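One file, entry06.pdb, is given below (PDB, C-alpha atoms).
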ATOM      1  CA  MET A 288       2.767  22.556   7.052
ATOM      2  CA  MET A 289       6.461  21.881   7.650
ATOM      3  CA  PRO A 290       7.609  18.360   6.845
ATOM      4  CA  GLN A 291       8.029  15.984   9.762
ATOM      5  CA  SER A 292      11.463  15.727  11.384
ATOM      6  CA  ASN A 293      13.243  12.626  10.189
ATOM      7  CA  ASN A 294      16.770  12.837  11.573
ATOM      8  CA  ASP A 295      16.630   9.471  13.374
ATOM      9  CA  LEU A 296      18.227  10.886  16.523
ATOM     10  CA  ARG A 297      16.518   9.741  19.698
ATOM     11  CA  GLN A 298      15.439  12.654  21.864
ATOM     12  CA  VAL A 299      16.094  13.190  25.552
ATOM     13  CA  ARG A 300      12.970  12.527  27.636
ATOM     14  CA  ASN A 301      11.896  15.325  29.962
ATOM     15  CA  TYR A 302      11.012  12.849  32.709
ATOM     16  CA  PRO A 303      11.448   9.067  32.847
ATOM     17  CA  GLU A 304       7.753   8.255  32.318
ATOM     18  CA  GLN A 305       7.456  10.390  29.203
ATOM     19  CA  PRO A 306       6.503   8.498  26.062
ATOM     20  CA  PRO A 307       9.579   9.203  23.902
ATOM     21  CA  LEU A 308       9.092  11.508  20.917
ATOM     22  CA  ILE A 309       9.307   9.789  17.549
ATOM     23  CA  PRO A 310      12.584  10.772  15.848
ATOM     24  CA  HIS A 311      11.411   9.740  12.364
ATOM     25  CA  LYS A 312       8.537  10.638  10.062
ATOM     26  CA  THR A 313       5.355   8.655  10.300
ATOM     27  CA  ASP A 314       3.098  10.144   7.633
ATOM     28  CA  GLY A 315       1.198   7.518   5.769
ATOM     29  CA  TYR A 316       1.848   4.916   8.464
ATOM     30  CA  GLN A 317      -1.323   2.862   8.832
ATOM     31  CA  VAL A 318      -2.438   2.119  12.388
ATOM     32  CA  ASP A 319      -5.906   0.612  12.562
ATOM     33  CA  LEU A 320      -7.537  -2.618  13.726
ATOM     34  CA  ARG A 321      -6.304  -4.505  10.685
ATOM     35  CA  SER A 322      -2.714  -3.444  10.524
ATOM     36  CA  ASN A 323      -0.133  -1.592  12.610
ATOM     37  CA  LYS A 324       2.858  -0.276  10.681
ATOM     38  CA  CYS A 325       4.790   0.677  13.844
ATOM     39  CA  LEU A 326       4.808  -2.913  15.058
ATOM     40  CA  THR A 327       6.391  -4.099  11.814
ATOM     41  CA  CYS A 328       9.584  -2.517  13.235
ATOM     42  CA  HIS A 329       9.035  -2.133  16.985
ATOM     43  CA  SER A 330       7.509  -5.498  17.903
ATOM     44  CA  ARG A 331       9.630  -8.041  19.744
ATOM     45  CA  LYS A 332      10.149 -10.146  16.653
ATOM     46  CA  ALA A 333      10.859  -7.306  14.234
ATOM     47  CA  VAL A 334      13.819  -5.587  15.895
ATOM     48  CA  GLY A 335      16.427  -7.969  14.507
ATOM     49  CA  GLU A 336      15.766  -6.643  11.034
ATOM     50  CA  SER A 337      14.669  -3.096  11.783
ATOM     51  CA  GLN A 338      17.222  -2.386  14.563
ATOM     52  CA  ALA A 339      14.516  -0.253  16.173
ATOM     53  CA  PRO A 340      14.149  -0.153  19.980
ATOM     54  CA  MET A 341      11.562  -2.738  21.062
ATOM     55  CA  VAL A 342       8.377  -1.451  22.690
ATOM     56  CA  SER A 343       9.141  -1.636  26.398
ATOM     57  CA  ILE A 344       7.628  -4.215  28.723
ATOM     58  CA  THR A 345       4.981  -1.743  29.941
ATOM     59  CA  HIS A 346       3.366  -2.090  26.504
ATOM     60  CA  PHE A 347       2.533  -5.713  27.265
ATOM     61  CA  MET A 348       0.738  -4.981  30.542
ATOM     62  CA  ASP A 349      -3.012  -4.872  30.899
ATOM     63  CA  ARG A 350      -4.604  -2.516  33.414
ATOM     64  CA  ASP A 351      -4.289  -5.087  36.191
ATOM     65  CA  GLY A 352      -0.536  -5.229  35.685
ATOM     66  CA  GLN A 353      -0.655  -8.665  34.014
ATOM     67  CA  PHE A 354       1.821  -9.254  31.191
ATOM     68  CA  LEU A 355       0.216 -10.348  27.936
ATOM     69  CA  ALA A 356       1.853 -12.294  25.117
ATOM     70  CA  SER A 357       1.622  -9.376  22.710
ATOM     71  CA  VAL A 358       1.118  -5.602  22.867
ATOM     72  CA  SER A 359      -1.843  -4.792  25.083
ATOM     73  CA  PRO A 360      -4.904  -3.305  23.358
ATOM     74  CA  ARG A 361      -4.542  -0.137  25.438
ATOM     75  CA  ARG A 362      -1.055   0.355  23.991
ATOM     76  CA  TYR A 363      -2.018  -0.622  20.459
ATOM     77  CA  PHE A 364      -2.745   2.852  19.091
ATOM     78  CA  CYS A 365       0.779   4.224  19.380
ATOM     79  CA  ASN A 366      -0.025   7.787  18.330
ATOM     80  CA  GLN A 367      -2.155   8.286  21.405
ATOM     81  CA  CYS A 368       1.132   8.742  23.269
ATOM     82  CA  HIS A 369       3.972   9.022  20.739
ATOM     83  CA  VAL A 370       4.227  11.821  18.213
ATOM     84  CA  SER A 371       6.498  12.866  15.381
ATOM     85  CA  GLN A 372       7.813  16.439  15.401
ATOM     86  CA  HIS A 373       7.977  19.265  12.876
ATOM     87  CA  GLU A 374      10.900  21.627  12.394
ATOM     88  CA  SER A 375       9.090  24.740  13.463
ATOM     89  CA  LYS A 376       9.168  27.329  16.223
ATOM     90  CA  PRO A 377       6.738  26.601  19.054
ATOM     91  CA  TRP A 378       3.742  28.977  18.909
ATOM     92  CA  VAL A 379       3.426  28.999  22.652
ATOM     93  CA  GLY A 380       6.384  29.167  25.027
ATOM     94  CA  ASN A 381       6.545  27.218  28.275
ATOM     95  CA  THR A 382       8.602  27.308  31.431
ATOM     96  CA  PHE A 383       9.056  23.602  31.998
ATOM     97  CA  VAL A 384      12.357  22.574  33.564
ATOM     98  CA  ASP A 385      13.325  18.986  34.207
ATOM     99  CA  VAL A 386      13.950  17.616  37.664
ATOM    100  CA  ASP A 387      17.748  17.808  37.500
ATOM    101  CA  THR A 388      17.646  21.504  36.623
ATOM    102  CA  LEU A 389      15.159  22.096  39.397
ATOM    103  CA  LEU A 390      17.360  20.360  42.014
ATOM    104  CA  GLN A 391      20.415  22.279  40.832
ATOM    105  CA  LYS A 392      18.580  25.593  41.219
ATOM    106  CA  LYS A 393      17.539  24.712  44.766
ATOM    107  CA  GLN A 394      21.118  24.063  45.870
TER     108      GLN A 394
ATOM    109  CA  MET B 127     -26.139 -21.482 -49.211
ATOM    110  CA  ASN B 128     -25.122 -21.092 -52.852
ATOM    111  CA  ARG B 129     -24.369 -17.393 -52.412
ATOM    112  CA  LEU B 130     -22.164 -18.199 -49.517
ATOM    113  CA  LYS B 131     -20.282 -20.755 -51.583
ATOM    114  CA  ASN B 132     -19.791 -18.231 -54.406
ATOM    115  CA  PHE B 133     -18.473 -15.683 -51.985
ATOM    116  CA  TRP B 134     -16.111 -18.225 -50.536
ATOM    117  CA  ASP B 135     -14.828 -19.153 -54.012
ATOM    118  CA  THR B 136     -14.313 -15.491 -54.930
ATOM    119  CA  LEU B 137     -12.438 -14.946 -51.753
ATOM    120  CA  TRP B 138      -9.938 -17.650 -52.549
ATOM    121  CA  ARG B 139      -9.655 -17.115 -56.346
ATOM    122  CA  PRO B 140      -6.305 -15.564 -57.248
ATOM    123  CA  SER B 141      -6.717 -11.861 -57.867
ATOM    124  CA  THR B 142      -6.923 -10.667 -61.447
ATOM    125  CA  TYR B 143      -7.454  -6.973 -60.703
ATOM    126  CA  PHE B 144      -5.087  -6.074 -57.902
ATOM    127  CA  SER B 145      -1.361  -6.369 -57.843
ATOM    128  CA  LEU B 146       0.294  -8.541 -55.282
ATOM    129  CA  ALA B 147       2.027  -5.465 -53.931
ATOM    130  CA  PHE B 148      -1.303  -3.712 -53.393
ATOM    131  CA  LEU B 149      -2.743  -6.675 -51.564
ATOM    132  CA  THR B 150       0.290  -7.064 -49.395
ATOM    133  CA  MET B 151       0.316  -3.358 -48.591
ATOM    134  CA  GLY B 152      -3.431  -3.422 -47.935
ATOM    135  CA  GLY B 153      -3.019  -6.327 -45.571
ATOM    136  CA  PHE B 154      -0.177  -4.536 -43.862
ATOM    137  CA  ILE B 155      -2.194  -1.344 -43.395
ATOM    138  CA  ALA B 156      -5.285  -3.208 -42.212
ATOM    139  CA  GLY B 157      -3.048  -5.047 -39.795
ATOM    140  CA  ILE B 158      -1.740  -1.801 -38.391
ATOM    141  CA  ILE B 159      -5.261  -0.438 -38.027
ATOM    142  CA  PHE B 160      -6.564  -3.493 -36.210
ATOM    143  CA  TRP B 161      -3.449  -3.885 -34.143
ATOM    144  CA  GLY B 162      -3.482  -0.207 -33.310
ATOM    145  CA  GLY B 163      -7.160  -0.385 -32.438
ATOM    146  CA  PHE B 164      -6.545  -3.327 -30.172
ATOM    147  CA  ASN B 165      -3.659  -1.626 -28.497
ATOM    148  CA  THR B 166      -5.576   1.643 -28.196
ATOM    149  CA  ALA B 167      -8.373  -0.266 -26.514
ATOM    150  CA  MET B 168      -5.778  -1.870 -24.286
ATOM    151  CA  GLU B 169      -4.251   1.531 -23.565
ATOM    152  CA  PHE B 170      -7.658   2.906 -22.666
ATOM    153  CA  THR B 171      -8.069   0.186 -20.097
ATOM    154  CA  ASN B 172      -4.779   1.478 -18.638
ATOM    155  CA  THR B 173      -6.059   4.977 -17.923
ATOM    156  CA  GLU B 174      -6.945   6.150 -14.463
ATOM    157  CA  ALA B 175     -10.442   6.980 -15.741
ATOM    158  CA  PHE B 176     -11.039   3.375 -16.721
ATOM    159  CA  CYS B 177      -9.515   1.832 -13.603
ATOM    160  CA  THR B 178     -11.557   4.018 -11.317
ATOM    161  CA  GLY B 179     -14.691   3.938 -13.460
ATOM    162  CA  CYS B 180     -16.422   1.539 -11.141
ATOM    163  CA  HIS B 181     -17.415   2.295  -7.555
ATOM    164  CA  GLU B 182     -15.368  -0.532  -6.109
ATOM    165  CA  MET B 183     -12.110   0.982  -7.265
ATOM    166  CA  ARG B 184     -13.104   4.633  -6.857
ATOM    167  CA  ASN B 185     -14.361   4.316  -3.290
ATOM    168  CA  ASN B 186     -11.707   1.925  -2.082
ATOM    169  CA  VAL B 187      -8.256   1.751  -3.608
ATOM    170  CA  TYR B 188      -8.422   5.107  -5.452
ATOM    171  CA  ALA B 189      -9.644   7.059  -2.442
ATOM    172  CA  GLU B 190      -6.775   5.550  -0.467
ATOM    173  CA  LEU B 191      -4.162   6.214  -3.143
ATOM    174  CA  LYS B 192      -5.072   9.924  -3.171
ATOM    175  CA  ARG B 193      -3.723  10.307   0.345
ATOM    176  CA  THR B 194      -0.308   8.869  -0.510
ATOM    177  CA  ILE B 195       2.999  10.139  -1.877
ATOM    178  CA  HIS B 196       2.394   8.443  -5.224
ATOM    179  CA  PHE B 197      -0.557  10.740  -5.893
ATOM    180  CA  SER B 198       0.903  14.031  -4.791
ATOM    181  CA  ASN B 199       4.514  14.866  -3.966
ATOM    182  CA  ARG B 200       7.091  17.629  -4.246
ATOM    183  CA  SER B 201       8.334  16.386  -7.637
ATOM    184  CA  GLY B 202       4.879  16.311  -9.216
ATOM    185  CA  VAL B 203       5.322  12.834 -10.704
ATOM    186  CA  ARG B 204       2.193  10.745 -10.254
ATOM    187  CA  ALA B 205       2.053   6.967 -10.383
ATOM    188  CA  LYS B 206      -1.064   5.765 -12.235
ATOM    189  CA  CYS B 207      -2.808   2.498 -11.493
ATOM    190  CA  SER B 208      -1.288   0.933 -14.583
ATOM    191  CA  ASP B 209       2.268   1.994 -13.641
ATOM    192  CA  CYS B 210       2.129  -0.370 -10.706
ATOM    193  CA  HIS B 211      -0.285  -2.996 -11.937
ATOM    194  CA  VAL B 212       0.290  -3.546 -15.645
ATOM    195  CA  PRO B 213       3.536  -5.089 -16.872
ATOM    196  CA  HIS B 214       5.250  -3.221 -19.744
ATOM    197  CA  ASN B 215       6.105  -6.396 -21.611
ATOM    198  CA  TRP B 216       3.267  -7.178 -24.049
ATOM    199  CA  ILE B 217       2.677 -10.868 -23.306
ATOM    200  CA  ASP B 218       2.674 -10.282 -19.547
ATOM    201  CA  LYS B 219       0.344  -7.357 -20.173
ATOM    202  CA  VAL B 220      -2.278  -9.442 -21.973
ATOM    203  CA  ALA B 221      -1.976 -12.148 -19.334
ATOM    204  CA  ARG B 222      -2.501  -9.590 -16.554
ATOM    205  CA  LYS B 223      -5.522  -8.115 -18.369
ATOM    206  CA  MET B 224      -7.148 -11.502 -18.580
ATOM    207  CA  GLN B 225      -6.591 -11.958 -14.873
ATOM    208  CA  ALA B 226      -7.937  -8.457 -14.201
ATOM    209  CA  SER B 227     -11.084  -9.186 -16.188
ATOM    210  CA  LYS B 228     -11.887 -11.677 -13.450
ATOM    211  CA  GLU B 229     -11.838  -8.767 -11.015
ATOM    212  CA  VAL B 230     -14.176  -6.814 -13.331
ATOM    213  CA  TRP B 231     -16.362  -9.937 -13.400
ATOM    214  CA  GLY B 232     -16.339  -9.928  -9.598
ATOM    215  CA  LYS B 233     -17.748  -6.417  -9.703
ATOM    216  CA  ILE B 234     -20.507  -7.199 -12.180
ATOM    217  CA  PHE B 235     -21.771 -10.094 -10.133
ATOM    218  CA  GLY B 236     -21.550  -8.105  -6.970
ATOM    219  CA  THR B 237     -18.983 -10.094  -5.044
ATOM    220  CA  ILE B 238     -17.090  -6.946  -4.026
ATOM    221  CA  ASN B 239     -19.748  -4.253  -4.369
ATOM    222  CA  THR B 240     -19.592  -2.870  -0.832
ATOM    223  CA  ARG B 241     -16.723  -1.603   1.313
ATOM    224  CA  GLU B 242     -17.205  -4.563   3.669
ATOM    225  CA  LYS B 243     -17.159  -7.148   0.896
ATOM    226  CA  PHE B 244     -14.140  -5.455  -0.629
ATOM    227  CA  GLN B 245     -12.298  -5.568   2.698
ATOM    228  CA  ALA B 246     -13.164  -9.245   3.055
ATOM    229  CA  LYS B 247     -11.817 -10.031  -0.396
ATOM    230  CA  ARG B 248      -8.861  -7.681  -0.086
ATOM    231  CA  LEU B 249      -6.336 -10.056   1.438
ATOM    232  CA  GLU B 250      -6.729 -12.426  -1.502
ATOM    233  CA  LEU B 251      -6.374  -9.635  -4.076
ATOM    234  CA  ALA B 252      -3.375  -8.164  -2.271
ATOM    235  CA  GLN B 253      -1.655 -11.530  -1.978
ATOM    236  CA  ARG B 254      -1.941 -11.970  -5.709
ATOM    237  CA  GLU B 255      -0.125  -8.672  -6.232
ATOM    238  CA  TRP B 256       2.532  -9.443  -3.627
ATOM    239  CA  HIS B 257       3.173 -12.769  -5.269
ATOM    240  CA  ARG B 258       3.569 -11.084  -8.635
ATOM    241  CA  TYR B 259       5.999  -8.443  -7.293
ATOM    242  CA  LYS B 260       7.924 -11.096  -5.425
ATOM    243  CA  SER B 261       8.409 -13.205  -8.527
ATOM    244  CA  ASN B 262       9.410 -10.304 -10.808
ATOM    245  CA  ASP B 263      11.698  -8.636  -8.219
ATOM    246  CA  SER B 264       9.299  -5.666  -7.921
ATOM    247  CA  LEU B 265       9.725  -4.798 -11.575
ATOM    248  CA  GLU B 266       6.978  -2.157 -11.643
ATOM    249  CA  CYS B 267       8.567  -0.252  -8.762
ATOM    250  CA  ARG B 268      11.930  -0.453 -10.480
ATOM    251  CA  ASN B 269      10.499   1.012 -13.673
ATOM    252  CA  CYS B 270      10.545   4.311 -11.775
ATOM    253  CA  HIS B 271      12.936   3.763  -8.872
ATOM    254  CA  SER B 272      16.257   2.300  -9.854
ATOM    255  CA  GLU B 273      18.473   0.868  -7.191
ATOM    256  CA  GLU B 274      21.570   2.107  -9.047
ATOM    257  CA  ALA B 275      20.273   5.676  -9.095
ATOM    258  CA  MET B 276      19.490   5.704  -5.376
ATOM    259  CA  ASP B 277      21.896   7.898  -3.444
ATOM    260  CA  PHE B 278      21.875   6.334   0.003
ATOM    261  CA  THR B 279      23.737   9.294   1.493
ATOM    262  CA  ARG B 280      20.717  11.430   0.715
ATOM    263  CA  GLN B 281      18.324   9.001   2.337
ATOM    264  CA  SER B 282      17.331   8.969   5.969
ATOM    265  CA  LYS B 283      19.384   6.727   8.256
ATOM    266  CA  ARG B 284      16.535   4.241   8.596
ATOM    267  CA  ALA B 285      16.105   4.013   4.830
ATOM    268  CA  ALA B 286      19.807   3.835   3.976
ATOM    269  CA  GLU B 287      20.519   1.124   6.547
ATOM    270  CA  ALA B 288      17.626  -1.047   5.427
ATOM    271  CA  HIS B 289      18.522  -0.639   1.754
ATOM    272  CA  GLU B 290      22.217  -1.289   2.291
ATOM    273  CA  ARG B 291      21.639  -4.355   4.396
ATOM    274  CA  PHE B 292      18.831  -6.079   2.521
ATOM    275  CA  LEU B 293      18.337  -4.529  -0.900
ATOM    276  CA  VAL B 294      21.927  -4.332  -2.125
ATOM    277  CA  SER B 295      22.578  -7.873  -0.914
ATOM    278  CA  GLY B 296      19.550  -9.035  -2.894
ATOM    279  CA  GLU B 297      18.093 -10.645   0.210
ATOM    280  CA  LYS B 298      14.836  -8.728  -0.149
ATOM    281  CA  THR B 299      12.913  -6.852  -2.788
ATOM    282  CA  CYS B 300      10.915  -3.608  -2.549
ATOM    283  CA  ILE B 301       7.569  -5.242  -1.814
ATOM    284  CA  ASP B 302       8.973  -7.174   1.176
ATOM    285  CA  CYS B 303       9.338  -3.901   3.071
ATOM    286  CA  HIS B 304       6.975  -1.513   1.291
ATOM    287  CA  LYS B 305       3.628  -3.290   1.414
ATOM    288  CA  GLY B 306       0.732  -0.863   1.734
ATOM    289  CA  ILE B 307       2.659   1.941   0.029
ATOM    290  CA  SER B 308      -0.411   3.025  -1.928
ATOM    291  CA  HIS B 309      -3.474   1.363  -0.387
ATOM    292  CA  GLU B 310      -4.643   0.349   3.065
ATOM    293  CA  LEU B 311      -3.502  -3.059   4.212
ATOM    294  CA  PRO B 312      -5.810  -5.921   5.158
ATOM    295  CA  LYS B 313      -5.223  -7.975   8.283
ATOM    296  CA  MET B 314      -2.182 -10.106   7.529
ATOM    297  CA  SER B 315      -0.581 -11.376  10.705
ATOM    298  CA  ALA B 316      -1.468 -11.660  14.358
ATOM    299  CA  SER B 317       1.638  -9.842  15.607
ATOM    300  CA  ASN B 318       0.990  -6.631  13.654
ATOM    301  CA  SER B 319      -2.745  -6.270  14.179
ATOM    302  CA  MET B 320      -5.201  -5.849  17.035
ATOM    303  CA  PRO B 321      -5.504  -9.209  18.850
ATOM    304  CA  ASP B 322      -8.727 -10.963  17.835
ATOM    305  CA  GLY B 323     -10.371 -11.265  21.219
ATOM    306  CA  ALA B 324      -9.545  -7.697  22.214
ATOM    307  CA  MET B 325     -12.264  -5.847  20.373
ATOM    308  CA  ALA B 326     -14.790  -8.550  21.136
ATOM    309  CA  SER B 327     -14.292  -8.029  24.864
ATOM    310  CA  ALA B 328     -14.424  -4.258  24.390
ATOM    311  CA  ASN B 329     -17.705  -4.751  22.559
ATOM    312  CA  ILE B 330     -19.069  -6.688  25.502
ATOM    313  CA  HIS B 331     -18.372  -3.685  27.707
ATOM    314  CA  VAL B 332     -20.123  -1.413  25.227
ATOM    315  CA  HIS B 333     -23.059  -3.813  25.110
ATOM    316  CA  GLN B 334     -23.315  -3.870  28.901
ATOM    317  CA  LEU B 335     -23.071  -0.103  28.988
ATOM    318  CA  LYS B 336     -25.921   0.185  26.491
ATOM    319  CA  LEU B 337     -28.100  -2.150  28.546
ATOM    320  CA  TYR B 338     -27.261  -0.152  31.653
ATOM    321  CA  LEU B 339     -28.108   3.147  29.989
ATOM    322  CA  ALA B 340     -31.330   1.723  28.633
ATOM    323  CA  GLY B 341     -32.234   0.745  32.189
ATOM    324  CA  THR B 342     -32.725  -2.911  31.304
ATOM    325  CA  ASP B 343     -29.739  -4.230  33.211
TER     326      ASP B 343
END

Show this structure as structure tokens.
Amino acid sequence: MMPQSNNDLRQVRNYPEQPPLIPHKTDGYQVDLRSNKCLTCHSRKAVGESQAPMVSITHFMDRDGQFLASVSPRRYFCNQCHVSQHESKPWVGNTFVDVDTLLQKKQ
Amino acid sequence: MNRLKNFWDTLWRPSTYFSLAFLTMGGFIAGIIFWGGFNTAMEFTNTEAFCTGCHEMRNNVYAELKRTIHFSNRSGVRAKCSDCHVPHNWIDKVARKMQASKEVWGKIFGTINTREKFQAKRLELAQREWHRYKSNDSLECRNCHSEEAMDFTRQSKRAAEAHERFLVSGEKTCIDCHKGISHELPKMSASNSMPDGAMASANIHVHQLKLYLAGTD
């Protein structure tokens, strides 16, 4: 397989609710009940040293919309929603256009 | 008793048959043989085969190491257990071996003979290693990776920035940032692990679901 992209350039989201793509490699990063490597950089306390963007406030909300003191269990397993990329051609094309492009076309 | 005394006397009587040179040489050669034997035995205990000879190490730390960059990488240089765990300096080496024999002891008496028991004991074992790396400025890592030879311009932005800010300034050492580089990490801090209550409450749901499915609820 191609190596994971690791250019550290944040990607444009296709729509505001999209979980941003991960702009760095994550192979070997442990995420299990005992330890979460991502949070060693992305947690509230870690960003001073890592200079990584903090997990947004939605990551602290439980399903009733209550804010918890730390990352909610349903947002704990980061790779459920965030993925690293590989430098390779997509096997399957798609016709997605973002909302701005769509509005422009309509005009 | 008498024979023993005779033997003792002979042993200490000045030699009449052998030259001093021969005796000195003999002692020298015997010394080399014993010393060599000792060191060979020590070297054997440094091999991957020895370190992973017991189930505890093979099924836990070794199995985990195999998935990492230190086992297989584009350069084909493999880090052995001893590269990271045994100091090169001889006195430190013997001291570390004596400490390690306690871990072998732990195996024999079954304190870490299952995955669960190993996981329970793991934090303590890991902390011992972190402490060692911390106090020798990650010497074992530096035996292979030298800070001077690192070309930051060839590193990723994340790596270069972290190294420039904290490594060059001497504020931190390799192990501060690279814990878990070759084995899985135990639970260390509340902020980087699943909150304690969380799984317990999930388990309650599973329990209730089971009761429901069994028709007893």

task: Evaluate the PyMOL selection byres ((chain A and resi 297) around 8) on the structure here and hand back the selected residues as a PyMOL selection string.
output: chain A and resi 295-296+298-299+308-310

field: CA of Cys210 (chain B) to CA of Cys267 (chain B), straight-line distance in Å
entry: 6.7 Å

Closest contacts (chain A/chain B, max 10 Å, all atoms listed in the file) as CSV:
residue,atom,partner,partner_atom,distance
A:Asn293,CA,B:Ser282,CA,6.9
A:Asn294,CA,B:Ser282,CA,6.8
A:Asp295,CA,B:Lys283,CA,6.4
A:Leu296,CA,B:Lys283,CA,9.3
A:His311,CA,B:Arg284,CA,8.4
A:Lys312,CA,B:Ser282,CA,9.8
A:Asp314,CA,B:Thr194,CA,8.9
A:Gly315,CA,B:Thr194,CA,6.6
A:Tyr316,CA,B:Gly306,CA,8.9
A:Gln317,CA,B:Glu310,CA,7.1
A:Val318,CA,B:Ser319,CA,8.6
A:Asp319,CA,B:Ser319,CA,7.7
A:Leu320,CA,B:Met320,CA,5.2
A:Arg321,CA,B:Lys313,CA,4.4
A:Ser322,CA,B:Ser319,CA,4.6
A:Asn323,CA,B:Asn318,CA,5.3
A:Lys324,CA,B:Asn318,CA,7.3
A:Cys325,CA,B:Asn318,CA,8.2
A:Leu326,CA,B:Asn318,CA,5.5
A:Thr327,CA,B:Asn318,CA,6.2
A:Cys328,CA,B:Asn318,CA,9.5
A:His329,CA,B:Asn318,CA,9.8
A:Ser330,CA,B:Ser317,CA,7.7
A:Arg331,CA,B:Ser317,CA,9.2
A:Lys332,CA,B:Ser317,CA,8.6
A:Ala333,CA,B:Ser317,CA,9.7
A:Glu336,CA,B:Ala288,CA,8.1
A:Ser337,CA,B:Ala288,CA,7.3
A:Gln338,CA,B:Arg284,CA,8.9
A:Ala339,CA,B:Arg284,CA,9.0
A:Ala356,CA,B:Ser317,CA,9.8
A:Ser357,CA,B:Ser317,CA,7.1
A:Val358,CA,B:Ser317,CA,8.4
A:Ser359,CA,B:Pro321,CA,8.5
A:Pro360,CA,B:Ala324,CA,6.5
A:Arg361,CA,B:Ala324,CA,9.6
A:Tyr363,CA,B:Met320,CA,7.0
A:Phe364,CA,B:Met320,CA,9.3

- prompt: Can you list what the PyMOL selection byres ((chain A and resi 347) around 9) grabs from this structure, as a PyMOL selection string?
  reply: chain A and resi 342-346+348-349+352-360+362

- prompt: Selected by the PyMOL selection byres ((chain B and resi 259) around 12) in the shown coordinates: which residues, as a ChimeraX atom specification?
  reply: /B:210-213,252-258,260-268,298-305

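The space separating CA of Phe244 (chain B) from CA of Asn186 (chain B) comes to 7.9 Å.
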
- request: Could you give me, as JSON, numbers by chain, the residues within 7 Å of Pro306 (chain A), counting only C-alpha atoms and dropping anything in the same chain fewer than 2 positions from it?
  value: {"A": [304, 308, 368, 369]}

Export of prior selection with C-alpha atoms as a CSV table (one decimal), in the coordinates of the input:
chain,number,residue,atom,x,y,z
A,304,GLU,CA,7.8,8.3,32.3
A,308,LEU,CA,9.1,11.5,20.9
A,368,CYS,CA,1.1,8.7,23.3
A,369,HIS,CA,4.0,9.0,20.7

message: Using all atoms listed in the file, can you tell me which of B:Arg280, B:His333, B:Arg204, B:Arg241 comes closest to Arg184 (chain B)?
response: B:Arg241

- prompt: Near region 382-390 of chain A, counting only C-alpha atoms, which residues have an atom at most 9 Å away, once you skip same-chain residues fewer than 4 positions from it, shown as an NGL selection string?
  reply: :A and (301-302 or 394)

Take the structure in the block and write a file for region 376-385 of chain A, N, CA, C and O atoms, as a CSV table (one decimal), in the first residue's frame.
chain,number,residue,atom,x,y,z
A,376,LYS,N,-4.6,7.4,-6.5
A,376,LYS,CA,-5.8,7.8,-7.3
A,376,LYS,C,-7.0,7.1,-6.8
A,376,LYS,O,-6.9,5.9,-6.5
A,377,PRO,N,-8.1,7.8,-6.7
A,377,PRO,CA,-9.3,7.1,-6.2
A,377,PRO,C,-9.8,6.0,-7.2
A,377,PRO,O,-9.7,6.2,-8.4
A,378,TRP,N,-10.1,4.8,-6.7
A,378,TRP,CA,-10.6,3.7,-7.6
A,378,TRP,C,-11.9,4.0,-8.2
A,378,TRP,O,-12.2,3.6,-9.3
A,379,VAL,N,-12.7,4.7,-7.4
A,379,VAL,CA,-14.1,5.0,-7.9
A,379,VAL,C,-14.3,6.5,-7.9
A,379,VAL,O,-14.0,7.2,-7.0
A,380,GLY,N,-14.8,7.0,-9.1
A,380,GLY,CA,-15.0,8.4,-9.2
A,380,GLY,C,-16.3,8.8,-8.4
A,380,GLY,O,-17.0,8.0,-8.0
A,381,ASN,N,-16.5,10.1,-8.2
A,381,ASN,CA,-17.8,10.5,-7.7
A,381,ASN,C,-18.1,11.9,-8.1
A,381,ASN,O,-17.2,12.7,-8.6
A,382,THR,N,-19.3,12.3,-8.1
A,382,THR,CA,-19.8,13.6,-8.7
A,382,THR,C,-20.2,14.6,-7.6
A,382,THR,O,-20.9,15.5,-7.9
A,383,PHE,N,-19.6,14.4,-6.4
A,383,PHE,CA,-20.0,15.3,-5.4
A,383,PHE,C,-19.5,16.8,-5.7
A,383,PHE,O,-18.4,17.0,-6.2
A,384,VAL,N,-20.4,17.7,-5.5
A,384,VAL,CA,-20.0,19.1,-5.5
A,384,VAL,C,-20.4,19.8,-4.2
A,384,VAL,O,-21.4,19.4,-3.7
A,385,ASP,N,-19.6,20.7,-3.7
A,385,ASP,CA,-20.0,21.3,-2.5
A,385,ASP,C,-21.1,22.4,-2.7
A,385,ASP,O,-21.4,22.7,-3.8
